[in-house]
Every structure is written in C-alpha cells, then in structure tokens.
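Engineer: Provided herewith: start23.tsv, TSV, C-alpha atoms.
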```tsv
chain	number	residue	atom	x	y	z
A	17	ALA	CA	-35.20	39.02	-37.69
A	18	THR	CA	-37.40	36.17	-38.77
A	19	ARG	CA	-36.27	32.81	-37.46
A	20	LEU	CA	-36.08	29.93	-39.89
A	21	LEU	CA	-36.39	26.37	-38.75
A	22	ARG	CA	-33.29	24.30	-39.40
A	23	GLY	CA	-35.43	21.22	-39.05
A	24	ARG	CA	-38.56	20.10	-37.34
A	25	THR	CA	-37.15	19.07	-34.01
A	26	ARG	CA	-38.87	20.23	-30.85
A	27	GLU	CA	-35.79	22.28	-30.04
A	28	ASP	CA	-36.05	24.15	-33.35
A	29	VAL	CA	-39.79	24.72	-32.94
A	30	VAL	CA	-39.38	26.06	-29.38
A	31	ALA	CA	-36.48	28.30	-30.46
A	32	ALA	CA	-38.53	29.64	-33.39
A	33	HIS	CA	-41.56	30.27	-31.16
A	34	VAL	CA	-39.58	32.10	-28.46
A	35	GLY	CA	-37.51	33.97	-31.04
A	36	ALA	CA	-40.63	35.12	-32.90
A	37	LEU	CA	-42.16	36.37	-29.66
A	38	PHE	CA	-39.15	38.57	-29.01
A	39	ASP	CA	-38.97	39.65	-32.66
A	40	VAL	CA	-42.49	41.10	-32.59
A	41	TRP	CA	-42.31	42.65	-29.10
A	42	ARG	CA	-42.31	46.30	-30.15
A	43	ASN	CA	-41.65	48.11	-26.85
A	44	ARG	CA	-39.10	45.59	-25.55
A	45	GLN	CA	-36.37	47.22	-23.49
A	46	ALA	CA	-33.42	44.98	-24.37
A	47	SER	CA	-29.86	45.50	-23.24
A	48	GLY	CA	-28.39	43.62	-26.18
A	49	ARG	CA	-26.66	41.18	-23.81
A	50	GLU	CA	-29.57	38.74	-23.42
A	51	ARG	CA	-28.78	35.10	-23.90
A	52	VAL	CA	-31.01	33.27	-21.45
A	53	TYR	CA	-34.79	33.09	-21.33
A	54	LEU	CA	-36.32	32.14	-18.04
A	55	GLY	CA	-39.88	31.07	-17.42
A	56	HIS	CA	-41.76	29.72	-14.47
A	57	CYS	CA	-44.13	26.80	-14.69
A	58	PRO	CA	-43.88	24.28	-11.83
A	59	THR	CA	-45.79	21.56	-13.68
A	60	ILE	CA	-43.26	21.51	-16.52
A	61	VAL	CA	-41.25	19.12	-14.33
A	62	LEU	CA	-43.87	16.46	-15.20
A	63	ASP	CA	-42.25	16.30	-18.65
A	64	ALA	CA	-38.63	16.83	-17.56
A	65	ASP	CA	-37.34	13.52	-18.94
A	66	ARG	CA	-38.75	14.26	-22.40
A	67	ILE	CA	-37.74	17.93	-22.35
A	68	LEU	CA	-34.17	17.17	-21.30
A	69	HIS	CA	-33.90	14.46	-23.97
A	70	GLU	CA	-35.36	16.56	-26.79
A	71	LEU	CA	-33.75	19.89	-25.84
A	72	PRO	CA	-30.11	19.11	-25.02
A	73	ALA	CA	-29.18	22.69	-24.11
A	74	VAL	CA	-32.00	23.13	-21.57
A	75	ARG	CA	-31.39	23.54	-17.87
A	76	MET	CA	-34.22	23.59	-15.36
A	77	ILE	CA	-34.44	25.30	-12.00
A	78	HIS	CA	-37.27	23.90	-9.92
A	79	VAL	CA	-38.49	26.31	-7.22
A	80	VAL	CA	-40.10	24.76	-4.13
A	81	ARG	CA	-42.49	26.95	-2.19
A	82	ARG	CA	-43.93	26.18	1.22
A	83	PRO	CA	-47.21	24.34	0.62
A	84	THR	CA	-49.14	26.50	3.07
A	85	SER	CA	-48.35	29.87	1.51
A	86	GLY	CA	-48.62	28.27	-1.93
A	87	LEU	CA	-52.15	27.06	-1.23
A	88	ALA	CA	-53.22	30.42	0.17
A	89	ASP	CA	-52.04	32.26	-2.95
A	90	PHE	CA	-53.37	29.56	-5.30
A	91	ARG	CA	-56.80	30.15	-3.80
A	92	LEU	CA	-56.61	33.77	-4.94
A	93	ARG	CA	-56.88	32.37	-8.48
A	94	VAL	CA	-58.98	29.25	-7.74
A	95	PRO	CA	-61.00	29.97	-4.58
A	96	ALA	CA	-62.59	26.51	-4.39
A	97	MET	CA	-59.27	24.61	-4.47
A	98	ASP	CA	-59.52	21.65	-2.12
A	99	ALA	CA	-56.54	21.48	0.24
A	100	VAL	CA	-56.03	17.72	-0.13
A	101	VAL	CA	-56.09	17.92	-3.93
A	102	TYR	CA	-53.60	20.80	-3.82
A	103	CYS	CA	-51.34	18.81	-1.47
A	104	ARG	CA	-51.32	15.78	-3.76
A	105	LYS	CA	-50.30	17.93	-6.71
A	106	TRP	CA	-47.74	19.87	-4.64
A	107	SER	CA	-46.19	16.62	-3.42
A	108	LEU	CA	-46.04	15.04	-6.88
A	109	ILE	CA	-44.51	18.07	-8.57
A	110	ASN	CA	-41.91	18.65	-5.87
A	111	THR	CA	-40.99	14.98	-5.56
A	112	LEU	CA	-40.35	14.98	-9.31
A	113	GLY	CA	-38.32	18.19	-9.02
A	114	PHE	CA	-36.00	16.60	-6.45
A	115	THR	CA	-35.90	13.28	-8.33
A	116	PHE	CA	-34.86	14.90	-11.62
A	117	ALA	CA	-32.30	17.09	-9.85
A	118	GLU	CA	-30.74	13.91	-8.49
A	119	LYS	CA	-30.99	12.09	-11.83
A	120	TYR	CA	-29.66	15.02	-13.93
A	121	PRO	CA	-27.57	17.17	-11.54
A	122	GLN	CA	-25.89	19.07	-14.39
A	123	ARG	CA	-29.23	20.01	-15.95
A	124	VAL	CA	-31.79	20.25	-13.12
A	125	THR	CA	-31.46	21.91	-9.75
A	126	THR	CA	-33.88	22.83	-7.00
A	127	VAL	CA	-34.10	25.92	-4.85
A	128	ARG	CA	-36.51	26.77	-2.07
A	129	LEU	CA	-38.42	30.03	-2.40
A	130	ASP	CA	-37.53	30.76	1.22
A	131	GLU	CA	-33.83	30.67	0.20
A	132	LEU	CA	-34.49	33.06	-2.67
A	133	ILE	CA	-36.21	35.44	-0.27
A	134	GLY	CA	-33.95	35.10	2.78
A	135	ALA	CA	-30.57	34.85	1.09
A	136	ARG	CA	-31.40	36.31	-2.29
A	137	ALA	CA	-27.93	37.41	-3.40
A	138	ALA	CA	-26.16	34.23	-2.30
A	139	THR	CA	-28.83	31.97	-3.77
A	140	LEU	CA	-28.92	33.81	-7.09
A	141	ARG	CA	-25.12	33.87	-7.21
A	142	ARG	CA	-25.14	30.07	-6.82
A	143	LEU	CA	-27.80	29.68	-9.53
A	144	CYS	CA	-25.93	31.98	-11.93
A	145	GLU	CA	-22.77	29.93	-11.37
A	146	TRP	CA	-24.71	26.71	-12.01
A	147	LEU	CA	-26.04	28.22	-15.26
A	148	GLY	CA	-22.57	29.36	-16.30
A	149	LEU	CA	-23.53	33.03	-16.08
A	150	ALA	CA	-21.67	35.93	-14.55
A	151	TYR	CA	-23.54	37.20	-11.51
A	152	ASP	CA	-25.07	40.65	-11.79
A	153	PRO	CA	-27.05	42.17	-8.89
A	154	VAL	CA	-29.77	43.13	-11.38
A	155	VAL	CA	-31.09	39.55	-11.10
A	156	GLU	CA	-32.10	40.22	-7.49
A	157	THR	CA	-35.09	42.34	-8.50
A	158	PRO	CA	-38.07	40.88	-10.38
A	159	THR	CA	-38.68	42.98	-13.48
A	160	TRP	CA	-40.85	43.15	-16.56
A	161	ASN	CA	-39.35	44.81	-19.60
A	162	ARG	CA	-36.57	46.26	-17.39
A	163	THR	CA	-39.08	47.83	-14.96
A	164	PRO	CA	-39.02	46.56	-11.35
A	165	LEU	CA	-42.24	44.86	-10.27
A	166	ALA	CA	-43.77	45.54	-6.86
A	167	ARG	CA	-46.30	42.76	-7.50
A	168	MET	CA	-45.85	39.71	-9.70
A	169	GLY	CA	-49.41	39.47	-11.05
A	170	PRO	CA	-50.64	38.53	-13.55
A	171	PHE	CA	-47.68	36.17	-13.82
A	172	GLY	CA	-48.76	33.51	-11.39
A	173	GLY	CA	-48.69	32.15	-7.93
A	174	VAL	CA	-46.36	34.43	-5.96
A	175	PRO	CA	-47.90	37.91	-6.12
A	176	ILE	CA	-45.34	39.50	-3.77
A	177	VAL	CA	-41.87	38.06	-3.24
A	178	SER	CA	-41.14	38.77	0.42
A	179	ALA	CA	-40.86	37.03	3.76
A	180	ALA	CA	-43.72	39.20	5.07
A	181	HIS	CA	-46.01	38.02	2.26
A	182	GLU	CA	-45.11	34.37	2.88
A	183	ALA	CA	-45.93	34.77	6.59
A	184	GLU	CA	-49.19	36.58	5.76
A	185	ALA	CA	-50.20	33.88	3.29
A	186	ASP	CA	-49.41	31.15	5.84
A	187	ALA	CA	-51.43	32.97	8.50
A	188	SER	CA	-54.44	33.30	6.19
A	189	LEU	CA	-55.11	29.56	6.52
A	190	SER	CA	-56.91	28.29	9.61
A	191	ALA	CA	-54.84	26.35	12.13
A	192	ASP	CA	-56.67	23.14	11.17
A	193	GLU	CA	-56.09	23.67	7.47
A	194	ARG	CA	-52.42	24.54	8.02
A	195	ALA	CA	-52.00	21.33	10.05
A	196	LEU	CA	-53.74	19.32	7.30
A	197	VAL	CA	-51.48	20.79	4.60
A	198	LEU	CA	-48.32	20.13	6.60
A	199	ALA	CA	-49.42	16.55	7.34
A	200	GLU	CA	-50.32	15.88	3.69
A	201	THR	CA	-47.01	17.25	2.35
A	202	CYS	CA	-44.57	16.13	5.06
A	203	ALA	CA	-42.92	13.52	2.81
```
Would it be possible to restate this file's structure as structure tokens?
Structural biologist:
Amino acid sequence: ATRLLRGRTREDVVAAHVGALFDVWRNRQASGRERVYLGHCPTIVLDADRILHELPAVRMIHVVRRPTSGLADFRLRVPAMDAVVYCRKWSLINTLGFTFAEKYPQRVTTVRLDELIGARAATLRRLCEWLGLAYDPVVETPTWNRTPLARMGPFGGVPIVSAAHEAEADASLSADERALVLAETCA
C-alpha cells in the first residue's frame, strides 16, 4: 500500500520512506506481526536530541562494543584507519550514548555487545521489556528476511556475533596498539 504523508514533519517523511521500502520489497518474508523496525548506526546518537524531539515515538538502543575488537573489524572496511582517530570517535559516540540514556531513560538505553553475546537471552529479554514487546526467542538469532545469518556482512562492523570472534579481533591488534586503544578510550 502506498503511504501518504499526513504532513511534512520529519516523522511523516521517515515513516513514508521506511513504509515505501517495505512496500516495494518483493521477496520479503513477513510474518504479518511486524510492528518494530530496527536499524544499527552508532553515529546516529550524534543527533539523538533532535531525533527524539522530532520523532516522539522513537526509542534508541545504543550498543557499545569493545574499542579493540571494534577497531580491528573497522579496519576490514577502512584498512588505513588511524587508531587514535578511531578512539576519539569511539569515545565521543559512546559518551553521547551514555549521556542520552541518562537524560532520556524512557527513550534511550545502552547495552554492551559483550552482554548481548554472553547473556543473549537475558539481555534481549530486558530490551524487549524496555521496548514494551513480548519476548520471543526468535530475536536471539540475527536474520535477514527470516533467514539466519552466519555472517553479518555487508551490514557493518560486526561480521560475526560471537565471543570467539571478539577475542580473535582483539588478538589481531599488536600488544602496543591494544594498549594505546585501551589508554585512549579508558574514560
């Protein structure tokens, strides 16, 4: 069904854009029970104040990943990424995530990727409750179009969601670089 704009608010434009995407997705495997769209973009927290003001129904979950494994995987996409530059951006984005979660506790929350990996069911149960959703174990498995994903690419920075991958990514940095990253992000 074509979505008509009720007005020209940002909320209406975003709803029309997302709705149109799902309207034209021909091989979409929908259950008919969908009511929440979830996306991942860590830098969106830079605009959290504006987004929360202009989109009153929005809730944000900010995921915090260890900076060492994050840098290692980021370099798979941008091999020349300078560690200090990465650390500055990591620190800014995550400081804002925690700040907005404190400022808007009903609308923004944070979760550590290590929690999602190590205590997946409990963490996702808590997040579903926070979102006002009934928990369903199906949320424990990353999927695309109802098909489980072994790898997350091309979707972004966490190609494999596992404790083993996090340890491997950490270990791929030299000891000196790991120490630098931890020192630069300790705050």
Engineer: Mind listing as a PDB file with C-alpha atoms, in the coordinates of the input all residues within 12 Å of (-52.3, 30.7, 7.4), counting only C-alpha atoms?
Structural biologist:
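Dumped everything to part.pdb:
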```pdb
ATOM      1  CA  ARG A  82     -43.930  26.180   1.220  1.00  0.00           C
ATOM      2  CA  PRO A  83     -47.210  24.340   0.620  1.00  0.00           C
ATOM      3  CA  THR A  84     -49.140  26.500   3.070  1.00  0.00           C
ATOM      4  CA  SER A  85     -48.350  29.870   1.510  1.00  0.00           C
ATOM      5  CA  GLY A  86     -48.620  28.270  -1.930  1.00  0.00           C
ATOM      6  CA  LEU A  87     -52.150  27.060  -1.230  1.00  0.00           C
ATOM      7  CA  ALA A  88     -53.220  30.420   0.170  1.00  0.00           C
ATOM      8  CA  ASP A  89     -52.040  32.260  -2.950  1.00  0.00           C
ATOM      9  CA  HIS A 181     -46.010  38.020   2.260  1.00  0.00           C
ATOM     10  CA  GLU A 182     -45.110  34.370   2.880  1.00  0.00           C
ATOM     11  CA  ALA A 183     -45.930  34.770   6.590  1.00  0.00           C
ATOM     12  CA  GLU A 184     -49.190  36.580   5.760  1.00  0.00           C
ATOM     13  CA  ALA A 185     -50.200  33.880   3.290  1.00  0.00           C
ATOM     14  CA  ASP A 186     -49.410  31.150   5.840  1.00  0.00           C
ATOM     15  CA  ALA A 187     -51.430  32.970   8.500  1.00  0.00           C
ATOM     16  CA  SER A 188     -54.440  33.300   6.190  1.00  0.00           C
ATOM     17  CA  LEU A 189     -55.110  29.560   6.520  1.00  0.00           C
ATOM     18  CA  SER A 190     -56.910  28.290   9.610  1.00  0.00           C
ATOM     19  CA  ALA A 191     -54.840  26.350  12.130  1.00  0.00           C
ATOM     20  CA  ASP A 192     -56.670  23.140  11.170  1.00  0.00           C
ATOM     21  CA  GLU A 193     -56.090  23.670   7.470  1.00  0.00           C
ATOM     22  CA  ARG A 194     -52.420  24.540   8.020  1.00  0.00           C
ATOM     23  CA  ALA A 195     -52.000  21.330  10.050  1.00  0.00           C
ATOM     24  CA  LEU A 196     -53.740  19.320   7.300  1.00  0.00           C
ATOM     25  CA  VAL A 197     -51.480  20.790   4.600  1.00  0.00           C
ATOM     26  CA  LEU A 198     -48.320  20.130   6.600  1.00  0.00           C
TER      27      LEU A 198
END
```
Engineer: Quick check, in Å to one decimal: how far apart do atom CA of Cys202 of chain A and atom CA of Ile77 of chain A lie?
Structural biologist: 21.9 Å
Engineer: Which is closest to Thr125 of chain A among A:Asp98, A:Arg81, A:Arg66, A:Arg75, if we use all atoms listed in the file?
Structural biologist: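 Checking each of A:Asp98, A:Arg81, A:Arg66, A:Arg75 against Thr125 of chain A, counting all atoms listed in the file, the winner is A:Arg75.
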Engineer: Residues within 10 Å of Asp65 of chain A, please, as a PyMOL selection string. Count all atoms listed in the file; anything in the same chain fewer than 6 positions from it doesn't count.
Structural biologist: chain A and resi 116+119-120
Engineer: When you look at Tyr151 of chain A with a cut-off of 8 Å (counting only C-alpha atoms), what residues show up, excluding the ones that are within fewer than 6 positions of it in the same chain? I need them as an MDAnalysis selection string.
Structural biologist: chainID A and resid 140:141 144:145
Engineer: So what do you get for atom CA of Arg42 of chain A versus atom CA of Val29 of chain A, distance-wise?
Structural biologist: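 So the two atoms, atom CA of Arg42 of chain A and atom CA of Val29 of chain A, lie 21.9 Å apart.
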Engineer: Smallest atom-to-atom distance to Ala73 of chain A: which of A:Thr163, A:Thr201, A:Thr139, A:Gln122, using only C-alpha atoms?
Structural biologist: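 Between A:Thr163, A:Thr201, A:Thr139, A:Gln122, the residue approaching Ala73 of chain A most closely is A:Gln122.
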Engineer: Expressed in Å to a single decimal, how great is the separation between atom CA of Leu149 of chain A and atom CA of Glu50 of chain A?
Structural biologist: 11.1 Å
Engineer: Select, from A:Arg49, A:Arg142, A:His78, A:Arg44, the residue with the minimum atom-to-atom distance to Thr111 of chain A, counting only C-alpha atoms.
Structural biologist: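 Between A:Arg49, A:Arg142, A:His78, A:Arg44, the residue approaching Thr111 of chain A most closely is A:His78.
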Engineer: Do you know which residues are at most 9 Å from Pro58 of chain A counting only C-alpha atoms, after dropping those on the same chain fewer than 6 positions away, and could you put them as a count of residues only?
Structural biologist: 6
Engineer: What's around Arg26 of chain A at 10 Å? Count all atoms listed in the file, leave out sequence neighbours fewer than 6 positions away in its own chain, and write the answer as a VMD selection string.
Structural biologist: chain A and resid 32 67 70 to 71
Engineer: So that I have them on file, write out the residues from the current selection with C-alpha atoms, as a compact mmCIF listing (two decimals), in the coordinates of the input.
Structural biologist:
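Result written to part-v8.txt:
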```txt
# COMPACT_ATOMS: atom_id res chain seq x y z
CA ALA A 32 -38.53 29.64 -33.39
CA ILE A 67 -37.74 17.93 -22.35
CA GLU A 70 -35.36 16.56 -26.79
CA LEU A 71 -33.75 19.89 -25.84
```
Engineer: From the set A:Phe90, A:Gly48, A:Arg123, A:Ile176, which residue has the shortest atom-to-atom contact distance to Leu143 of chain A, counting all atoms listed in the file?
Structural biologist: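 Of A:Phe90, A:Gly48, A:Arg123, A:Ile176, the one nearest Leu143 of chain A is A:Arg123, counting all atoms listed in the file.
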Engineer: Compile the contact shell of Val177 of chain A as a PyMOL selection string: residues with an atom at most 10 Å away, counting only C-alpha atoms, same-chain residues fewer than 6 positions apart removed.
Structural biologist: chain A and resi 129-130+132-133+157-158+165-168
Engineer: Select, from A:Pro95, A:Leu112, A:Pro164, A:Val127, the residue with the minimum atom-to-atom distance to Asp63 of chain A, counting all atoms listed in the file.
Structural biologist: A:Leu112
